[in-house]
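Shown next: final-v1.tsv, containing TSV, N, CA and C atoms.
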chain	number	residue	atom	x	y	z
R	1	TRP	N	-23.86	126.94	83.23
R	1	TRP	CA	-22.86	127.39	84.12
R	1	TRP	C	-21.62	126.54	83.96
R	2	LEU	N	-21.68	125.34	83.80
R	2	LEU	CA	-20.54	124.46	83.61
R	2	LEU	C	-19.83	124.77	82.32
R	3	LYS	N	-20.54	125.19	81.40
R	3	LYS	CA	-19.89	125.47	80.14
R	3	LYS	C	-19.08	126.76	80.23
R	4	GLN	N	-19.44	127.65	81.08
R	4	GLN	CA	-18.74	128.91	81.14
R	4	GLN	C	-17.36	128.74	81.82
R	5	GLN	N	-17.19	127.86	82.71
R	5	GLN	CA	-15.90	127.67	83.35
R	5	GLN	C	-15.04	126.80	82.46
R	6	GLN	N	-13.84	127.19	82.40
R	6	GLN	CA	-12.93	126.38	81.61
R	6	GLN	C	-12.10	125.53	82.58
R	7	TYR	N	-12.10	124.29	82.27
R	7	TYR	CA	-11.35	123.37	83.10
R	7	TYR	C	-9.98	123.12	82.49
R	8	LEU	N	-9.00	123.05	83.34
R	8	LEU	CA	-7.65	122.76	82.88
R	8	LEU	C	-7.45	121.25	82.85
R	9	PRO	N	-6.63	120.79	81.98
R	9	PRO	CA	-6.35	119.35	81.99
R	9	PRO	C	-5.66	118.94	83.29
R	10	VAL	N	-5.73	117.72	83.62
R	10	VAL	CA	-5.20	117.19	84.87
R	10	VAL	C	-3.68	117.35	84.92
R	11	SER	N	-3.01	117.15	83.85
R	11	SER	CA	-1.56	117.29	83.84
R	11	SER	C	-1.14	118.73	84.15
R	12	ARG	N	-1.91	119.64	83.68
R	12	ARG	CA	-1.62	121.06	83.95
R	12	ARG	C	-1.88	121.39	85.41
R	13	ILE	N	-2.86	120.81	86.01
R	13	ILE	CA	-3.17	121.04	87.41
R	13	ILE	C	-2.03	120.52	88.28
R	14	VAL	N	-1.51	119.38	87.94
R	14	VAL	CA	-0.39	118.81	88.70
R	14	VAL	C	0.82	119.72	88.60
R	15	ASN	N	1.07	120.23	87.42
R	15	ASN	CA	2.22	121.11	87.24
R	15	ASN	C	2.06	122.41	88.03
R	16	LEU	N	0.88	122.92	88.12
R	16	LEU	CA	0.66	124.13	88.89
R	16	LEU	C	0.87	123.87	90.37
R	17	THR	N	0.42	122.72	90.83
R	17	THR	CA	0.59	122.44	92.26
R	17	THR	C	2.05	122.23	92.60
R	18	GLU	N	2.81	121.63	91.74
R	18	GLU	CA	4.24	121.45	92.00
R	18	GLU	C	4.97	122.78	91.96
R	19	ALA	N	4.56	123.64	91.04
R	19	ALA	CA	5.21	124.94	90.94
R	19	ALA	C	4.87	125.82	92.11
R	20	SER	N	3.69	125.66	92.68
R	20	SER	CA	3.30	126.52	93.79
R	20	SER	C	3.88	126.05	95.12
R	21	ARG	N	4.41	124.83	95.20
R	21	ARG	CA	5.04	124.34	96.43
R	21	ARG	C	6.38	125.01	96.66
R	22	PRO	N	6.72	125.32	97.90
R	22	PRO	CA	8.04	125.92	98.14
R	22	PRO	C	9.13	124.87	97.96
R	23	THR	N	10.25	125.32	97.49
R	23	THR	CA	11.39	124.40	97.29
R	23	THR	C	12.07	124.14	98.63
R	24	MET	N	12.74	123.01	98.75
R	24	MET	CA	13.39	122.61	99.99
R	24	MET	C	14.85	123.07	100.05
R	25	SER	N	15.37	123.67	99.03
R	25	SER	CA	16.76	124.12	99.06
R	25	SER	C	16.86	125.42	99.86
R	26	LEU	N	17.89	125.50	100.75
R	26	LEU	CA	18.09	126.67	101.59
R	26	LEU	C	18.77	127.77	100.77
R	27	PRO	N	18.37	128.98	100.99
R	27	PRO	CA	19.06	130.05	100.29
R	27	PRO	C	20.46	130.24	100.86
R	28	HIS	N	21.44	130.51	100.07
R	28	HIS	CA	22.84	130.77	100.47
R	28	HIS	C	23.50	129.56	101.11
R	29	THR	N	23.18	128.40	100.69
R	29	THR	CA	23.79	127.19	101.25
R	29	THR	C	25.28	127.18	100.99
R	30	ASP	N	25.69	127.60	99.84
R	30	ASP	CA	27.11	127.64	99.51
R	30	ASP	C	27.84	128.64	100.41
R	31	ASP	N	27.21	129.77	100.68
R	31	ASP	CA	27.83	130.76	101.55
R	31	ASP	C	27.98	130.25	102.97
R	32	VAL	N	26.98	129.54	103.45
R	32	VAL	CA	27.04	128.99	104.81
R	32	VAL	C	28.14	127.95	104.90
R	33	MET	N	28.24	127.11	103.89
R	33	MET	CA	29.29	126.08	103.90
R	33	MET	C	30.67	126.72	103.78
R	34	SER	N	30.80	127.76	103.00
R	34	SER	CA	32.08	128.46	102.88
R	34	SER	C	32.46	129.09	104.22
R	35	PHE	N	31.48	129.69	104.88
R	35	PHE	CA	31.75	130.30	106.18
R	35	PHE	C	32.14	129.23	107.20
R	36	ALA	N	31.44	128.10	107.18
R	36	ALA	CA	31.76	127.01	108.12
R	36	ALA	C	33.17	126.50	107.86
R	37	SER	N	33.54	126.35	106.60
R	37	SER	CA	34.89	125.90	106.25
R	37	SER	C	35.93	126.91	106.70
R	38	LEU	N	35.65	128.18	106.48
R	38	LEU	CA	36.57	129.24	106.90
R	38	LEU	C	36.72	129.25	108.43
R	39	ALA	N	35.63	129.10	109.14
R	39	ALA	CA	35.68	129.08	110.60
R	39	ALA	C	36.47	127.88	111.11
R	40	TYR	N	36.26	126.72	110.50
R	40	TYR	CA	36.99	125.51	110.89
R	40	TYR	C	38.49	125.70	110.63
R	41	ASN	N	38.83	126.22	109.46
R	41	ASN	CA	40.24	126.44	109.13
R	41	ASN	C	40.86	127.46	110.10
R	42	HIS	N	40.12	128.48	110.44
R	42	HIS	CA	40.62	129.49	111.36
R	42	HIS	C	40.86	128.89	112.75
R	43	LEU	N	39.92	128.10	113.22
R	43	LEU	CA	40.08	127.47	114.54
R	43	LEU	C	41.24	126.49	114.54
R	44	THR	N	41.39	125.75	113.44
R	44	THR	CA	42.51	124.81	113.32
R	44	THR	C	43.83	125.56	113.33
R	45	TYR	N	43.89	126.66	112.59
R	45	TYR	CA	45.10	127.48	112.55
R	45	TYR	C	45.41	128.03	113.95
R	46	ASN	N	44.37	128.50	114.64
R	46	ASN	CA	44.58	129.05	115.99
R	46	ASN	C	45.06	127.97	116.96
R	47	ARG	N	44.50	126.77	116.83
R	47	ARG	CA	44.91	125.67	117.70
R	47	ARG	C	46.38	125.34	117.45
R	48	ASP	N	46.77	125.22	116.17
R	48	ASP	CA	48.15	124.91	115.84
R	48	ASP	C	49.10	126.02	116.27
R	49	SER	N	48.68	127.25	116.06
R	49	SER	CA	49.50	128.39	116.47
R	49	SER	C	49.65	128.42	117.99
R	50	TYR	N	48.58	128.14	118.71
R	50	TYR	CA	48.65	128.12	120.17
R	50	TYR	C	49.63	127.04	120.64
R	51	ALA	N	49.56	125.88	120.03
R	51	ALA	CA	50.47	124.80	120.43
R	51	ALA	C	51.92	125.19	120.14
R	52	GLN	N	52.15	125.79	118.99
R	52	GLN	CA	53.50	126.21	118.64
R	52	GLN	C	53.98	127.34	119.55
R	53	ASN	N	53.12	128.30	119.83
R	53	ASN	CA	53.49	129.41	120.70
R	53	ASN	C	53.73	128.93	122.12
R	54	LEU	N	52.97	127.95	122.56
R	54	LEU	CA	53.17	127.40	123.89
R	54	LEU	C	54.56	126.76	123.99
R	55	GLU	N	54.93	126.02	122.98
R	55	GLU	CA	56.25	125.39	122.96
R	55	GLU	C	57.36	126.44	122.92
R	56	LEU	N	57.18	127.47	122.10
R	56	LEU	CA	58.18	128.54	122.02
R	56	LEU	C	58.27	129.31	123.34
R	57	ARG	N	57.14	129.52	123.98
R	57	ARG	CA	57.13	130.25	125.26
R	57	ARG	C	57.86	129.44	126.34
R	58	GLN	N	57.62	128.13	126.34
R	58	GLN	CA	58.32	127.28	127.31
R	58	GLN	C	59.82	127.31	127.07
R	59	MET	N	60.22	127.26	125.80
R	59	MET	CA	61.65	127.32	125.48
R	59	MET	C	62.23	128.67	125.91
R	60	GLN	N	61.48	129.75	125.70
R	60	GLN	CA	61.95	131.07	126.10
R	60	GLN	C	62.09	131.16	127.61
R	61	LEU	N	61.13	130.61	128.35
R	61	LEU	CA	61.22	130.62	129.82
R	61	LEU	C	62.44	129.84	130.30
R	62	HIS	N	62.69	128.68	129.66
R	62	HIS	CA	63.86	127.89	130.04
R	62	HIS	C	65.14	128.65	129.72
R	63	GLN	N	65.18	129.34	128.58
R	63	GLN	CA	66.36	130.13	128.23
R	63	GLN	C	66.58	131.26	129.23
R	64	GLU	N	65.50	131.92	129.65
R	64	GLU	CA	65.62	132.99	130.63
R	64	GLU	C	66.13	132.45	131.96
R	65	LYS	N	65.60	131.30	132.40
R	65	LYS	CA	66.06	130.72	133.65
R	65	LYS	C	67.53	130.31	133.55
R	66	ASN	N	67.91	129.70	132.42
R	66	ASN	CA	69.30	129.32	132.24
R	66	ASN	C	70.20	130.54	132.22
R	67	TYR	N	69.73	131.64	131.59
R	67	TYR	CA	70.51	132.87	131.56
R	67	TYR	C	70.72	133.40	132.99
R	68	HIS	N	69.65	133.41	133.78
R	68	HIS	CA	69.77	133.90	135.15
R	68	HIS	C	70.68	133.01	135.99
R	69	LEU	N	70.60	131.70	135.78
R	69	LEU	CA	71.48	130.79	136.52
R	69	LEU	C	72.93	131.01	136.13
R	70	LYS	N	73.18	131.15	134.82
R	70	LYS	CA	74.56	131.39	134.38
R	70	LYS	C	75.06	132.74	134.86
R	71	TRP	N	74.18	133.75	134.84
R	71	TRP	CA	74.58	135.07	135.32
R	71	TRP	C	74.92	135.02	136.80
R	72	THR	N	74.11	134.30	137.57
R	72	THR	CA	74.37	134.17	139.00
R	72	THR	C	75.69	133.46	139.26
R	73	SER	N	75.95	132.40	138.52
R	73	SER	CA	77.21	131.67	138.72
R	73	SER	C	78.39	132.53	138.29
R	74	ALA	N	78.23	133.34	137.23
R	74	ALA	CA	79.31	134.23	136.81
R	74	ALA	C	79.59	135.29	137.87
R	75	VAL	N	78.53	135.83	138.48
R	75	VAL	CA	78.72	136.82	139.55
R	75	VAL	C	79.39	136.17	140.75
R	76	ARG	N	78.99	134.96	141.08
R	76	ARG	CA	79.63	134.26	142.20
R	76	ARG	C	81.12	134.05	141.94
R	77	GLU	N	81.45	133.64	140.72
R	77	GLU	CA	82.86	133.45	140.38
R	77	GLU	C	83.62	134.76	140.46
R	78	GLU	N	82.99	135.85	140.01
R	78	GLU	CA	83.64	137.16	140.07
R	78	GLU	C	83.87	137.58	141.52
R	79	VAL	N	82.88	137.39	142.37
R	79	VAL	CA	83.03	137.72	143.79
R	79	VAL	C	84.11	136.85	144.43
R	80	ARG	N	84.12	135.58	144.06
R	80	ARG	CA	85.14	134.66	144.58
R	80	ARG	C	86.54	135.12	144.15
R	81	ASP	N	86.68	135.53	142.88
R	81	ASP	CA	87.98	135.99	142.40
R	81	ASP	C	88.42	137.26	143.13
R	82	VAL	N	87.49	138.22	143.31
R	82	VAL	CA	87.83	139.45	144.03
R	82	VAL	C	88.21	139.14	145.47
R	83	THR	N	87.47	138.24	146.09
R	83	THR	CA	87.78	137.86	147.47
R	83	THR	C	89.15	137.20	147.56
R	84	ASP	N	89.46	136.32	146.61
R	84	ASP	CA	90.78	135.67	146.60
R	84	ASP	C	91.90	136.70	146.43
R	85	ILE	N	91.69	137.68	145.55
R	85	ILE	CA	92.69	138.73	145.35
R	85	ILE	C	92.86	139.53	146.64
R	86	PHE	N	91.74	139.88	147.26
R	86	PHE	CA	91.79	140.66	148.50
R	86	PHE	C	92.51	139.89	149.60
R	87	VAL	N	92.19	138.62	149.76
R	87	VAL	CA	92.82	137.80	150.79
R	87	VAL	C	94.31	137.65	150.50
R	88	GLY	N	94.66	137.49	149.23
R	88	GLY	CA	96.08	137.39	148.86
R	88	GLY	C	96.83	138.67	149.19
R	89	ARG	N	96.22	139.80	148.89
R	89	ARG	CA	96.87	141.08	149.22
R	89	ARG	C	97.02	141.25	150.74
R	90	MET	N	95.99	140.88	151.47
R	90	MET	CA	96.07	140.97	152.93
R	90	MET	C	97.17	140.05	153.48
R	91	SER	N	97.28	138.88	152.90
R	91	SER	CA	98.33	137.95	153.35
R	91	SER	C	99.70	138.54	153.06
R	92	ASN	N	99.86	139.10	151.86
R	92	ASN	CA	101.15	139.72	151.53
R	92	ASN	C	101.45	140.89	152.45
R	93	ARG	N	100.41	141.70	152.75
R	93	ARG	CA	100.61	142.84	153.64
R	93	ARG	C	101.00	142.37	155.04
R	94	MET	N	100.38	141.30	155.51
R	94	MET	CA	100.73	140.78	156.83
R	94	MET	C	102.17	140.28	156.87
R	95	ILE	N	102.60	139.62	155.80
R	95	ILE	CA	103.98	139.10	155.76
R	95	ILE	C	104.97	140.26	155.75
R	96	VAL	N	104.72	141.26	154.90
R	96	VAL	CA	105.62	142.41	154.83
R	96	VAL	C	105.61	143.17	156.15
R	97	SER	N	104.43	143.35	156.75
R	97	SER	CA	104.35	144.05	158.03
R	97	SER	C	105.10	143.30	159.11
R	98	THR	N	105.01	142.00	159.12
R	98	THR	CA	105.74	141.20	160.12
R	98	THR	C	107.24	141.35	159.93
R	99	LEU	N	107.68	141.32	158.67
R	99	LEU	CA	109.12	141.47	158.41
R	99	LEU	C	109.62	142.86	158.82
R	100	VAL	N	108.86	143.90	158.44
R	100	VAL	CA	109.26	145.26	158.79
R	100	VAL	C	109.22	145.44	160.30
R	101	GLY	N	108.18	144.92	160.95
R	101	GLY	CA	108.11	145.02	162.42
R	101	GLY	C	109.27	144.30	163.09
R	102	GLY	N	109.65	143.15	162.55
R	102	GLY	CA	110.78	142.42	163.11
R	102	GLY	C	112.08	143.19	162.95
R	103	ILE	N	112.26	143.79	161.79
R	103	ILE	CA	113.47	144.57	161.56
R	103	ILE	C	113.49	145.79	162.48
R	104	ALA	N	112.31	146.47	162.59
R	104	ALA	CA	112.25	147.63	163.48
R	104	ALA	C	112.50	147.24	164.92
R	105	ALA	N	111.97	146.13	165.38
R	105	ALA	CA	112.21	145.68	166.76
R	105	ALA	C	113.68	145.32	166.96
R	106	THR	N	114.27	144.73	165.95
R	106	THR	CA	115.69	144.39	166.04
R	106	THR	C	116.53	145.66	166.15
R	107	PHE	N	116.22	146.65	165.29
R	107	PHE	CA	116.97	147.91	165.35
R	107	PHE	C	116.78	148.60	166.69
R	108	LEU	N	115.59	148.55	167.23
R	108	LEU	CA	115.31	149.23	168.49
R	108	LEU	C	116.01	148.54	169.66
R	109	SER	N	116.05	147.20	169.64
R	109	SER	CA	116.61	146.48	170.78
R	109	SER	C	118.12	146.27	170.68
R	110	GLN	N	118.69	146.16	169.50
R	110	GLN	CA	120.10	145.80	169.40
R	110	GLN	C	120.96	146.90	168.82
R	111	ALA	N	120.42	147.71	167.97
R	111	ALA	CA	121.26	148.74	167.35
R	111	ALA	C	121.31	149.96	168.26
R	112	GLU	N	122.51	150.53	168.36
R	112	GLU	CA	122.69	151.71	169.17
R	112	GLU	C	123.43	152.75	168.34
R	113	ALA	N	123.03	153.94	168.58
R	113	ALA	CA	123.77	155.01	167.93
R	113	ALA	C	125.07	155.23	168.72
R	114	GLY	N	126.11	155.47	168.01
R	114	GLY	CA	127.40	155.67	168.69
R	114	GLY	C	127.42	156.95	169.52
R	115	GLU	N	128.48	157.04	170.40
R	115	GLU	CA	128.57	158.20	171.27
R	115	GLU	C	128.92	159.44	170.48
R	116	THR	N	129.54	159.25	169.36
R	116	THR	CA	129.95	160.40	168.57
R	116	THR	C	128.86	160.84	167.60
R	117	CYS	N	127.76	160.11	167.57
R	117	CYS	CA	126.65	160.42	166.64
R	117	CYS	C	125.97	161.70	167.12
R	118	PRO	N	125.72	162.65	166.18
R	118	PRO	CA	125.01	163.87	166.58
R	118	PRO	C	123.60	163.55	167.05
R	119	ASP	N	123.09	164.43	167.90
R	119	ASP	CA	121.78	164.20	168.50
R	119	ASP	C	120.64	164.20	167.47
R	120	PHE	N	120.71	165.03	166.43
R	120	PHE	CA	119.61	165.09	165.45
R	120	PHE	C	119.51	163.79	164.65
R	121	ILE	N	120.64	163.11	164.43
R	121	ILE	CA	120.60	161.82	163.71
R	121	ILE	C	120.01	160.75	164.63
R	122	ARG	N	120.45	160.80	165.92
R	122	ARG	CA	119.91	159.83	166.88
R	122	ARG	C	118.39	160.03	167.02
R	123	ASN	N	117.96	161.27	167.12
R	123	ASN	CA	116.52	161.55	167.22
R	123	ASN	C	115.77	161.12	165.95
R	124	ALA	N	116.32	161.35	164.78
R	124	ALA	CA	115.69	160.92	163.51
R	124	ALA	C	115.61	159.40	163.46
R	125	TYR	N	116.66	158.74	163.97
R	125	TYR	CA	116.67	157.27	163.98
R	125	TYR	C	115.52	156.75	164.84
R	126	TYR	N	115.37	157.24	166.05
R	126	TYR	CA	114.31	156.76	166.95
R	126	TYR	C	112.90	157.18	166.45
R	127	VAL	N	112.80	158.35	165.85
R	127	VAL	CA	111.51	158.79	165.30
R	127	VAL	C	111.10	157.90	164.14
R	128	SER	N	112.05	157.53	163.28
R	128	SER	CA	111.71	156.66	162.14
R	128	SER	C	111.29	155.27	162.61
R	129	ILE	N	111.94	154.74	163.63
R	129	ILE	CA	111.54	153.43	164.16
R	129	ILE	C	110.16	153.53	164.81
R	130	PHE	N	109.91	154.62	165.54
R	130	PHE	CA	108.59	154.83	166.16
R	130	PHE	C	107.50	154.94	165.09
R	131	LEU	N	107.77	155.70	164.03
R	131	LEU	CA	106.80	155.83	162.92
R	131	LEU	C	106.58	154.49	162.22
R	132	CYS	N	107.59	153.66	162.19
R	132	CYS	CA	107.43	152.32	161.59
R	132	CYS	C	106.45	151.50	162.42
R	133	PHE	N	106.56	151.56	163.75
R	133	PHE	CA	105.61	150.83	164.61
R	133	PHE	C	104.19	151.40	164.50
R	134	VAL	N	104.09	152.73	164.41
R	134	VAL	CA	102.77	153.36	164.27
R	134	VAL	C	102.14	152.93	162.95
R	135	TYR	N	102.93	152.92	161.87
R	135	TYR	CA	102.42	152.51	160.56
R	135	TYR	C	101.94	151.06	160.60
R	136	LEU	N	102.70	150.19	161.26
R	136	LEU	CA	102.32	148.78	161.33
R	136	LEU	C	101.10	148.58	162.21
R	137	ALA	N	100.88	149.45	163.18
R	137	ALA	CA	99.74	149.32	164.07
R	137	ALA	C	98.45	149.71	163.35
R	138	MET	N	98.52	150.52	162.32
R	138	MET	CA	97.32	150.95	161.59
R	138	MET	C	96.86	149.88	160.70
Whole structure, structure tokens version:
Amino acid sequence: WLKQQQYLPVSRIVNLTEASRPTMSLPHTDDVMSFASLAYNHLTYNRDSYAQNLELRQMQLHQEKNYHLKWTSAVREEVRDVTDIFVGRMSNRMIVSTLVGGIAATFLSQAEAGETCPDFIRNAYYVSIFLCFVYLAM
């Protein structure tokens, strides 16, 4: 019975046992490392982009606030200018009205139509002075 079995040499047995052992290298190790590198680079890029976008957004917000402040000050100046023009016109109107009223009062109190003056001229004179007072009263 011993003669019928063939024995392998010891060196061959060792080689078979080493070949039958599973290897310790992971399949697709290079792919996993490439993916990890890609993910790291992507996260780094996103972090840098976020920091840059944050800075740009802050600058944009400051520009918008400055624009609104400048716009508000420009509107205030425009309202101030319109108000100054209006007040100036009112002052001029008051001065002219006072002068015209003074002249009309002077004509009414001191000027007299002569005895030879026709009645329609005298009536037109008094009507025009009356209309001057009515105009100044408005």
For range 104-110 of chain R: contacts at 9 Å, only C-alpha atoms, fewer than 3 positions along chain excluded, given as a count of residues only: 8
Straight-line distance linking CA of Thr116 in chain R with atom N of Gly102 in chain R, stated in Å to one decimal: 27.3 Å
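Across the structure, CA of His62 in chain R and CA of Thr44 in chain R are spaced 27.3 Å apart.
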